[in-house]
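Notes follow once the structure below has been shown.
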Amino acid sequence: MSESKPTTSEIIDTTVPTVQDNGADSSGEDEPPNEGPSTSTAASTSTSSSNKKKKKKKKSNLAKAVDALRGQHIPDAAVEAILEKVKLDPGVPAEEATAENVRAALDQLKIMDVVKGKAGLGGHNKKDMGAHKFWSTQPVPQLNEGPPIDDGYIEPSVPHDQVRQEAYPLPKEYEWSTVDIREPEQSKEVYNLLSLHYVEDDDASFRFQYSAEFLQWALQAPGYHKEWHVGVRVASTKKLVAFISGVPMTLRVRGKTFIASEINWLCIHKKLRSKRLAPVLIKEVTRQVHLKGIFQAIYTAGVVIPTPITTCRYHHRSLNIPKLVEVRFTHVPRSMTLARMIRLHQVDNKPSLKGLREVEEKDVVGLAELYTRFMSRYDMWPVMTLEEITHNFVSGKGRGKLGAEAGRPGRRQGQVTWTYVLEDPQTHKITDFFSFYTLPSTIINSPRHGVLDAAYLYYYATDIAFSQDEAALKARVSTLISNALVIANNAKFDVFNALTLMDNVEVLKDLKFGPGDGYLNYYLYNWRTAPLAGMNPGEDGRPAGKGVGVVML
């Protein structure tokens, strides 16, 4: 039996000092995260007892490089320092000793730090994971629980008259407000609050910018309840300073279907985050949901709280390379020029799929049939009515003709979603579709660029999935997403983002998506289920991504 050669990851694992938590104080009640997907993973290093005796010894270049891993991006200097060490090991094949492999291995080490409890996902450390006093009072799986024996609710539903009828108390200077997103002024208030105080990356370089059209589309899903759009105002000025929302959805998890609330956009004014409003906001929106007879919810966060059912990772496909480099969203590798990087990331000018066209109202029934059959292949997915299919894939097309938005030939005014279909010319059945939506980010400190235009992969389906030919399915999904890239590029998007869910995992690398620093943790409220296959394969052997069919906005 021949001896196996060590991999780049194994060399680095013995080279890089063990990452420990930084001893941050975790006392006190943990505030639920006031954010969604985060964009970086932070870690801290500790010094062994033997090294403490050598405090005066100058740090090696390697140690300095490893210290630099605390930032959002792993510096080239860190990669090069470790690469030199790897090259000296005779057991590592020359073709494996590359900067790309080192960087990928370092990313993996950061993920392992999370798994071992040494660092939180999304750049948050042990202090975020602490005692979780708030979440320990909620009907959610706790971090020390084993896998459930069976799927199902944690607490039973209760009759309407047993649900708390009065709103939870707020500090005296604040008051509750039901936000009517249909009113332009109130919609603008939510837009302003999110634009200034919602999710931003750890370097404070980018912040999500939800447009008024996006919020109206997302918050007015069929069957929505305005009471689930919960705001907090300053009593004296009526200024909106906090917000949380819910919309109803039908969720199917491992063969069990139930009505749930999709909770999103928990946002509190930065100056008020010491007021501990987040737990009260969550309890109040939960109360409002319970009053409608619904006792389950789904939500996501970039931080770890009790207890994720899965974690997905963001991947990015660069389109506008010069701009992305200039605003430091990405960088030019040392072994490459900017011109070559642009050339390698070029996409076709026209879609390759013959007959591809925008979705129309007449397609809704056929699209719904294809969607339902395709999505049922995943362990968790949203069941949609015809009204919901129309809303999610047709209603966000915007106003006017394509090109109506100045300087952007592939967009309409106020467009939120792009959905394209393929129709069999003989049977007139919808055989394929794909969709994506727009979610720009404010570029906080760029003198030239104010907005990063990002497209996000939404839902897709193909009838090739029913042939049981995995190779053909992979090829078709790759073709669908590559055509989405063409349309997004023609609409002048800067970057196209996707998560490691559905059938994405196997095709992202081939389509030149690069793994990002952001991780998205999925949670279920008042429902137990075993972990789902997200960015990693499931414990039940499910391939990565195949456990998750829910795209959270």
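How things are named: the first chain in the structure tokens is A, the next is B, and so on; residues count from 1 in each chain; ligands count from 1 in the order shown.
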Next on the checklist: Which of segment 216-420 of chain A end up as helix (DSSP H, G or I) when DSSP is run on this backbone - answer as a ChimeraX atom specification?
Outcome noted: /A:216-219,226-228,270-275,277-291,321-326,338-344,361-375,386-393
Checklist entry - Quick one: residues within 10 Å of segment 532-536 of chain A, only C-alpha atoms counted, chain neighbours fewer than 3 positions away excluded, as a PyMOL selection string? => result chain A and resi 253-254+308-314+378-380+499-502+504-505+519-522+529+539-549
Any chance you can output those residues with N, CA and C atoms as an mmCIF file, in the first residue's frame?
data_model
loop_
_atom_site.group_PDB
_atom_site.id
_atom_site.type_symbol
_atom_site.label_atom_id
_atom_site.label_comp_id
_atom_site.auth_asym_id
_atom_site.auth_seq_id
_atom_site.Cartn_x
_atom_site.Cartn_y
_atom_site.Cartn_z
ATOM 1 N N VAL A 253 -41.008 21.033 4.128
ATOM 2 C CA VAL A 253 -39.738 20.576 4.679
ATOM 3 C C VAL A 253 -39.801 19.070 4.870
ATOM 4 N N ARG A 254 -39.002 18.380 4.097
ATOM 5 C CA ARG A 254 -38.916 16.917 4.170
ATOM 6 C C ARG A 254 -40.300 16.262 4.163
ATOM 7 N N PRO A 308 -28.790 26.994 13.435
ATOM 8 C CA PRO A 308 -28.973 26.906 11.977
ATOM 9 C C PRO A 308 -29.374 25.502 11.537
ATOM 10 N N ILE A 309 -30.280 25.446 10.566
ATOM 11 C CA ILE A 309 -30.598 24.149 9.960
ATOM 12 C C ILE A 309 -29.691 23.886 8.765
ATOM 13 N N THR A 310 -29.061 24.954 8.266
ATOM 14 C CA THR A 310 -28.090 24.817 7.186
ATOM 15 C C THR A 310 -27.372 26.136 7.015
ATOM 16 N N THR A 311 -26.266 26.104 6.300
ATOM 17 C CA THR A 311 -25.513 27.319 5.975
ATOM 18 C C THR A 311 -25.148 27.275 4.495
ATOM 19 N N CYS A 312 -25.383 28.383 3.814
ATOM 20 C CA CYS A 312 -24.994 28.511 2.408
ATOM 21 C C CYS A 312 -23.950 29.610 2.276
ATOM 22 N N ARG A 313 -23.144 29.501 1.247
ATOM 23 C CA ARG A 313 -22.073 30.474 1.032
ATOM 24 C C ARG A 313 -22.344 31.271 -0.239
ATOM 25 N N TYR A 314 -22.061 32.557 -0.179
ATOM 26 C CA TYR A 314 -22.203 33.400 -1.359
ATOM 27 C C TYR A 314 -21.035 33.188 -2.325
ATOM 28 N N TYR A 378 -35.932 19.083 -3.782
ATOM 29 C CA TYR A 378 -35.158 19.590 -2.648
ATOM 30 C C TYR A 378 -35.867 19.294 -1.335
ATOM 31 N N ASP A 379 -35.104 19.289 -0.238
ATOM 32 C CA ASP A 379 -35.682 18.950 1.065
ATOM 33 C C ASP A 379 -36.524 20.083 1.641
ATOM 34 N N MET A 380 -36.189 21.320 1.328
ATOM 35 C CA MET A 380 -36.958 22.462 1.826
ATOM 36 C C MET A 380 -37.183 23.442 0.677
ATOM 37 N N LEU A 499 -25.959 31.647 -4.283
ATOM 38 C CA LEU A 499 -25.686 30.886 -3.065
ATOM 39 C C LEU A 499 -25.473 29.410 -3.393
ATOM 40 N N THR A 500 -24.876 28.695 -2.460
ATOM 41 C CA THR A 500 -24.638 27.267 -2.642
ATOM 42 C C THR A 500 -25.892 26.490 -2.232
ATOM 43 N N LEU A 501 -26.942 26.655 -3.023
ATOM 44 C CA LEU A 501 -28.181 25.919 -2.796
ATOM 45 C C LEU A 501 -28.699 25.376 -4.126
ATOM 46 N N MET A 502 -29.814 24.645 -4.077
ATOM 47 C CA MET A 502 -30.393 24.030 -5.269
ATOM 48 C C MET A 502 -29.325 23.220 -6.021
ATOM 49 N N ASN A 504 -26.887 24.634 -7.730
ATOM 50 C CA ASN A 504 -25.845 25.608 -8.054
ATOM 51 C C ASN A 504 -24.434 25.077 -7.842
ATOM 52 N N VAL A 505 -24.245 24.279 -6.790
ATOM 53 C CA VAL A 505 -22.900 23.968 -6.312
ATOM 54 C C VAL A 505 -22.006 23.386 -7.408
ATOM 55 N N TYR A 519 -21.549 34.250 4.441
ATOM 56 C CA TYR A 519 -22.262 33.011 4.711
ATOM 57 C C TYR A 519 -23.665 33.350 5.195
ATOM 58 N N LEU A 520 -24.643 32.574 4.777
ATOM 59 C CA LEU A 520 -26.026 32.821 5.158
ATOM 60 C C LEU A 520 -26.557 31.601 5.905
ATOM 61 N N ASN A 521 -26.887 31.807 7.177
ATOM 62 C CA ASN A 521 -27.435 30.745 8.015
ATOM 63 C C ASN A 521 -28.951 30.759 7.943
ATOM 64 N N TYR A 522 -29.540 29.591 7.745
ATOM 65 C CA TYR A 522 -30.995 29.447 7.671
ATOM 66 C C TYR A 522 -31.529 28.924 9.010
ATOM 67 N N THR A 529 -36.010 19.982 12.471
ATOM 68 C CA THR A 529 -35.643 19.090 11.379
ATOM 69 C C THR A 529 -34.145 18.872 11.446
ATOM 70 N N GLU A 539 -25.609 15.174 6.285
ATOM 71 C CA GLU A 539 -25.208 13.991 7.034
ATOM 72 C C GLU A 539 -25.886 12.731 6.491
ATOM 73 N N ASP A 540 -27.001 12.930 5.790
ATOM 74 C CA ASP A 540 -27.720 11.798 5.205
ATOM 75 C C ASP A 540 -27.212 11.436 3.819
ATOM 76 N N GLY A 541 -26.109 12.081 3.397
ATOM 77 C CA GLY A 541 -25.532 11.775 2.096
ATOM 78 C C GLY A 541 -26.045 12.637 0.964
ATOM 79 N N ARG A 542 -26.951 13.554 1.257
ATOM 80 C CA ARG A 542 -27.460 14.448 0.214
ATOM 81 C C ARG A 542 -26.328 15.323 -0.303
ATOM 82 N N PRO A 543 -26.227 15.495 -1.639
ATOM 83 C CA PRO A 543 -25.180 16.359 -2.188
ATOM 84 C C PRO A 543 -25.344 17.805 -1.719
ATOM 85 N N ALA A 544 -24.249 18.529 -1.680
ATOM 86 C CA ALA A 544 -24.263 19.928 -1.255
ATOM 87 C C ALA A 544 -25.277 20.723 -2.073
ATOM 88 N N GLY A 545 -26.043 21.543 -1.388
ATOM 89 C CA GLY A 545 -27.036 22.398 -2.035
ATOM 90 C C GLY A 545 -28.400 21.779 -2.158
ATOM 91 N N LYS A 546 -28.483 20.462 -2.246
ATOM 92 C CA LYS A 546 -29.748 19.809 -2.576
ATOM 93 C C LYS A 546 -30.753 19.812 -1.420
ATOM 94 N N GLY A 547 -30.324 20.256 -0.243
ATOM 95 C CA GLY A 547 -31.264 20.337 0.863
ATOM 96 C C GLY A 547 -32.065 21.623 0.872
ATOM 97 N N VAL A 548 -31.589 22.637 0.145
ATOM 98 C CA VAL A 548 -32.166 23.973 0.274
ATOM 99 C C VAL A 548 -32.712 24.455 -1.061
ATOM 100 N N GLY A 549 -34.008 24.770 -1.086
ATOM 101 C CA GLY A 549 -34.636 25.335 -2.270
ATOM 102 C C GLY A 549 -35.336 26.642 -1.976
#
Checklist entry - Which neighbours of Thr337 of chain A fall inside 12 Å, counting only C-alpha atoms, when residues of the same chain fewer than 5 positions from it are skipped, and could you give them as a list in words? => result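 Selected residues are Ile321, Pro322, Val325, His331, Val332, Ile342, Arg343 and Leu344 of chain A.
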Would you output that residue set with N, CA, C and O atoms, as a PDB file, in the first residue's frame?
ATOM      1  N   ILE A 321     -15.381  44.195 -14.392  1.00  0.00           N
ATOM      2  CA  ILE A 321     -14.118  44.013 -13.680  1.00  0.00           C
ATOM      3  C   ILE A 321     -13.459  45.343 -13.277  1.00  0.00           C
ATOM      4  O   ILE A 321     -13.072  45.515 -12.119  1.00  0.00           O
ATOM      5  N   PRO A 322     -13.302  46.311 -14.198  1.00  0.00           N
ATOM      6  CA  PRO A 322     -12.618  47.551 -13.807  1.00  0.00           C
ATOM      7  C   PRO A 322     -13.269  48.230 -12.604  1.00  0.00           C
ATOM      8  O   PRO A 322     -12.577  48.678 -11.678  1.00  0.00           O
ATOM      9  N   VAL A 325     -12.736  46.189  -9.298  1.00  0.00           N
ATOM     10  CA  VAL A 325     -11.370  46.341  -8.793  1.00  0.00           C
ATOM     11  C   VAL A 325     -11.201  47.715  -8.163  1.00  0.00           C
ATOM     12  O   VAL A 325     -10.620  47.859  -7.069  1.00  0.00           O
ATOM     13  N   HIS A 331      -9.998  41.903  -6.532  1.00  0.00           N
ATOM     14  CA  HIS A 331      -8.632  42.355  -6.779  1.00  0.00           C
ATOM     15  C   HIS A 331      -8.052  41.603  -7.971  1.00  0.00           C
ATOM     16  O   HIS A 331      -8.550  40.542  -8.350  1.00  0.00           O
ATOM     17  N   VAL A 332      -7.012  42.156  -8.550  1.00  0.00           N
ATOM     18  CA  VAL A 332      -6.307  41.500  -9.652  1.00  0.00           C
ATOM     19  C   VAL A 332      -5.217  40.616  -9.047  1.00  0.00           C
ATOM     20  O   VAL A 332      -4.344  41.119  -8.339  1.00  0.00           O
ATOM     21  N   ILE A 342     -10.038  40.854 -17.342  1.00  0.00           N
ATOM     22  CA  ILE A 342     -11.245  41.266 -18.071  1.00  0.00           C
ATOM     23  C   ILE A 342     -11.565  40.270 -19.176  1.00  0.00           C
ATOM     24  O   ILE A 342     -12.718  39.864 -19.359  1.00  0.00           O
ATOM     25  N   ARG A 343     -10.524  39.858 -19.902  1.00  0.00           N
ATOM     26  CA  ARG A 343     -10.713  38.928 -21.015  1.00  0.00           C
ATOM     27  C   ARG A 343     -11.239  37.570 -20.530  1.00  0.00           C
ATOM     28  O   ARG A 343     -12.133  36.977 -21.145  1.00  0.00           O
ATOM     29  N   LEU A 344     -10.717  37.094 -19.414  1.00  0.00           N
ATOM     30  CA  LEU A 344     -11.131  35.791 -18.893  1.00  0.00           C
ATOM     31  C   LEU A 344     -12.566  35.795 -18.387  1.00  0.00           C
ATOM     32  O   LEU A 344     -13.216  34.750 -18.325  1.00  0.00           O
TER      33      LEU A 344
END
Item to check | Shell of 9 Å around Phe466 of chain A, only C-alpha atoms, local chain residues under 6 positions omitted, as a PyMOL selection string | outcome: chain A and resi 373-374+473
Near segment 384-390 of chain A, 12 Å: segment 411-440 of chain A residue rows, closest pairs, only C-alpha atoms, as JSON lines:
{"residue": "A:Thr417", "atom": "CA", "partner": "A:Thr390", "partner_atom": "CA", "distance": 11.7}
{"residue": "A:Thr419", "atom": "CA", "partner": "A:Thr390", "partner_atom": "CA", "distance": 10.9}
{"residue": "A:Ser435", "atom": "CA", "partner": "A:Ile389", "partner_atom": "CA", "distance": 11.8}
Got time to write the residues from that selection, all heavy atoms, as a tab-separated table (two decimals), in the first residue's frame?
chain	number	residue	atom	x	y	z
A	417	THR	N	-37.27	42.18	-11.04
A	417	THR	CA	-36.95	40.79	-11.39
A	417	THR	C	-36.83	40.63	-12.90
A	417	THR	O	-37.45	41.36	-13.67
A	417	THR	CB	-38.03	39.83	-10.88
A	417	THR	OG1	-39.30	40.18	-11.46
A	417	THR	CG2	-38.13	39.87	-9.37
A	419	THR	N	-37.20	37.36	-15.53
A	419	THR	CA	-37.55	35.94	-15.68
A	419	THR	C	-37.65	35.61	-17.16
A	419	THR	O	-38.34	36.31	-17.92
A	419	THR	CB	-38.88	35.60	-15.00
A	419	THR	OG1	-38.80	35.94	-13.61
A	419	THR	CG2	-39.20	34.12	-15.12
A	435	SER	N	-34.52	32.95	-13.35
A	435	SER	CA	-34.85	34.30	-12.90
A	435	SER	C	-33.74	34.83	-12.02
A	435	SER	O	-32.97	34.07	-11.41
A	435	SER	CB	-36.18	34.29	-12.13
A	435	SER	OG	-36.11	33.42	-11.02
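Among the candidates A:Pro351, A:Val416, A:Asp161, A:Tyr523, the residue lying nearest to Asn264 of chain A is A:Tyr523 (atoms considered: only C-alpha atoms).
Distance-wise, atom CA of Gly302 of chain A and atom CA of Gly450 of chain A end up 24.4 Å apart.
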Next on the checklist: My list of candidates is A:Val359, A:Met552, A:Leu291, A:Leu480. Which is closest to Pro159 of chain A when distances are computed with only C-alpha atoms?
Outcome noted: A:Leu291
Checklist entry - From the list A:Asn101, A:Thr237, A:Ser446, A:Ser187, which residue is nearest Leu215 of chain A when using only C-alpha atoms? => result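 The closest residue to Leu215 of chain A is A:Ser187.
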Checklist entry - Hey, can you check how far atom CA of Val550 of chain A sits from atom CA of Trp217 of chain A? => result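 Atom CA of Trp217 of chain A lies 17.3 Å from atom CA of Val550 of chain A.
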Counting only C-alpha atoms, which residues in segment 325-358 of chain A sit no more than 10 Å from segment 511-517 of chain A? For each one, give the nearest pair of atoms and the distance in Å, sorted by chain then residue number, as a tab-separated table.
residue	atom	partner	partner_atom	distance
A:Thr330	CA	A:Gly516	CA	9.8
A:Leu344	CA	A:Lys512	CA	8.9
A:His345	CA	A:Lys512	CA	7.4
A:Val347	CA	A:Leu511	CA	9.9
Could you take the residues named above and write them with N, CA and C atoms, as a PDB file, in the first residue's frame?
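Result file follows (again.pdb):
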ATOM      1  N   THR A 330     -13.211  43.272  -5.574  1.00  0.00           N
ATOM      2  CA  THR A 330     -12.326  42.178  -5.926  1.00  0.00           C
ATOM      3  C   THR A 330     -10.940  42.749  -6.183  1.00  0.00           C
ATOM      4  N   LEU A 344     -10.717  37.094 -19.414  1.00  0.00           N
ATOM      5  CA  LEU A 344     -11.131  35.791 -18.893  1.00  0.00           C
ATOM      6  C   LEU A 344     -12.566  35.795 -18.387  1.00  0.00           C
ATOM      7  N   HIS A 345     -13.067  36.955 -18.008  1.00  0.00           N
ATOM      8  CA  HIS A 345     -14.418  37.041 -17.446  1.00  0.00           C
ATOM      9  C   HIS A 345     -15.446  37.567 -18.445  1.00  0.00           C
ATOM     10  N   VAL A 347     -18.368  37.631 -21.096  1.00  0.00           N
ATOM     11  CA  VAL A 347     -19.516  36.761 -21.382  1.00  0.00           C
ATOM     12  C   VAL A 347     -19.987  37.048 -22.806  1.00  0.00           C
TER      13      VAL A 347
END
Just the residues within 10 Å of Arg411 of chain A, please, counting only C-alpha atoms, with nothing from its chain fewer than 6 positions along; format it as a PDB file with N, CA and C atoms, in the first residue's frame.
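Result written to out_26.pdb:
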ATOM      1  N   LYS A 397     -41.506  43.113 -13.382  1.00  0.00           N
ATOM      2  CA  LYS A 397     -40.845  43.433 -14.663  1.00  0.00           C
ATOM      3  C   LYS A 397     -40.629  44.924 -14.876  1.00  0.00           C
ATOM      4  N   GLY A 398     -41.253  45.773 -14.055  1.00  0.00           N
ATOM      5  CA  GLY A 398     -41.064  47.206 -14.223  1.00  0.00           C
ATOM      6  C   GLY A 398     -42.028  47.817 -15.218  1.00  0.00           C
ATOM      7  N   ARG A 399     -41.744  49.062 -15.590  1.00  0.00           N
ATOM      8  CA  ARG A 399     -42.646  49.844 -16.446  1.00  0.00           C
ATOM      9  C   ARG A 399     -41.973  50.178 -17.773  1.00  0.00           C
ATOM     10  N   GLY A 400     -42.795  50.194 -18.824  1.00  0.00           N
ATOM     11  CA  GLY A 400     -42.286  50.572 -20.139  1.00  0.00           C
ATOM     12  C   GLY A 400     -41.558  49.435 -20.832  1.00  0.00           C
ATOM     13  N   LYS A 401     -40.792  49.793 -21.850  1.00  0.00           N
ATOM     14  CA  LYS A 401     -40.057  48.802 -22.624  1.00  0.00           C
ATOM     15  C   LYS A 401     -38.650  48.638 -22.075  1.00  0.00           C
ATOM     16  N   LEU A 402     -38.029  47.501 -22.429  1.00  0.00           N
ATOM     17  CA  LEU A 402     -36.628  47.316 -22.074  1.00  0.00           C
ATOM     18  C   LEU A 402     -35.805  48.466 -22.636  1.00  0.00           C
ATOM     19  N   GLY A 403     -34.928  48.998 -21.817  1.00  0.00           N
ATOM     20  CA  GLY A 403     -34.138  50.150 -22.224  1.00  0.00           C
ATOM     21  C   GLY A 403     -34.745  51.465 -21.795  1.00  0.00           C
ATOM     22  N   ALA A 404     -35.904  51.388 -21.105  1.00  0.00           N
ATOM     23  CA  ALA A 404     -36.565  52.623 -20.683  1.00  0.00           C
ATOM     24  C   ALA A 404     -35.786  53.344 -19.593  1.00  0.00           C
ATOM     25  N   GLU A 405     -34.939  52.601 -18.858  1.00  0.00           N
ATOM     26  CA  GLU A 405     -34.105  53.237 -17.839  1.00  0.00           C
ATOM     27  C   GLU A 405     -32.842  53.743 -18.510  1.00  0.00           C
ATOM     28  N   THR A 417     -37.271  42.175 -11.039  1.00  0.00           N
ATOM     29  CA  THR A 417     -36.949  40.792 -11.391  1.00  0.00           C
ATOM     30  C   THR A 417     -36.832  40.629 -12.901  1.00  0.00           C
ATOM     31  N   TRP A 418     -36.051  39.654 -13.293  1.00  0.00           N
ATOM     32  CA  TRP A 418     -35.906  39.240 -14.688  1.00  0.00           C
ATOM     33  C   TRP A 418     -36.211  37.750 -14.741  1.00  0.00           C
ATOM     34  N   ILE A 487     -27.729  38.098 -19.937  1.00  0.00           N
ATOM     35  CA  ILE A 487     -28.795  39.093 -19.800  1.00  0.00           C
ATOM     36  C   ILE A 487     -28.445  40.114 -18.725  1.00  0.00           C
ATOM     37  N   ALA A 488     -27.868  39.652 -17.620  1.00  0.00           N
ATOM     38  CA  ALA A 488     -27.464  40.575 -16.554  1.00  0.00           C
ATOM     39  C   ALA A 488     -26.354  41.504 -17.026  1.00  0.00           C
ATOM     40  N   ASN A 490     -25.821  42.457 -20.123  1.00  0.00           N
ATOM     41  CA  ASN A 490     -26.419  43.418 -21.055  1.00  0.00           C
ATOM     42  C   ASN A 490     -27.236  44.491 -20.334  1.00  0.00           C
ATOM     43  N   ALA A 491     -27.711  44.155 -19.121  1.00  0.00           N
ATOM     44  CA  ALA A 491     -28.449  45.133 -18.316  1.00  0.00           C
ATOM     45  C   ALA A 491     -27.513  45.970 -17.455  1.00  0.00           C
ATOM     46  N   LYS A 492     -26.197  45.817 -17.683  1.00  0.00           N
ATOM     47  CA  LYS A 492     -25.173  46.625 -17.025  1.00  0.00           C
ATOM     48  C   LYS A 492     -25.068  46.372 -15.524  1.00  0.00           C
TER      49      LYS A 492
END
Item to check | Nearest to Met375 of chain A, chosen from A:Met336, A:Asp503, A:Lys275, A:Lys354, with only C-alpha atoms counted in the distances | outcome: A:Asp503
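Omitting His449 of chain A and its sequence neighbours fewer than 2 positions away, and counting only C-alpha atoms, the residues within 12 Å are Ser205, Phe206, Pro322, Lys323, Leu324, Val325, Glu326, Val327, Arg328, Ser441, Thr442, Ile443, Ile444, Asn445, Ser446, Pro447, Val451, Leu452, Asp453 and Asp494 of chain A.
Among the candidate residues A:Lys239, A:Pro425, A:Lys133, A:Pro440, the one lying nearest to Phe208 of chain A is A:Pro440, with distances computed using only C-alpha atoms.
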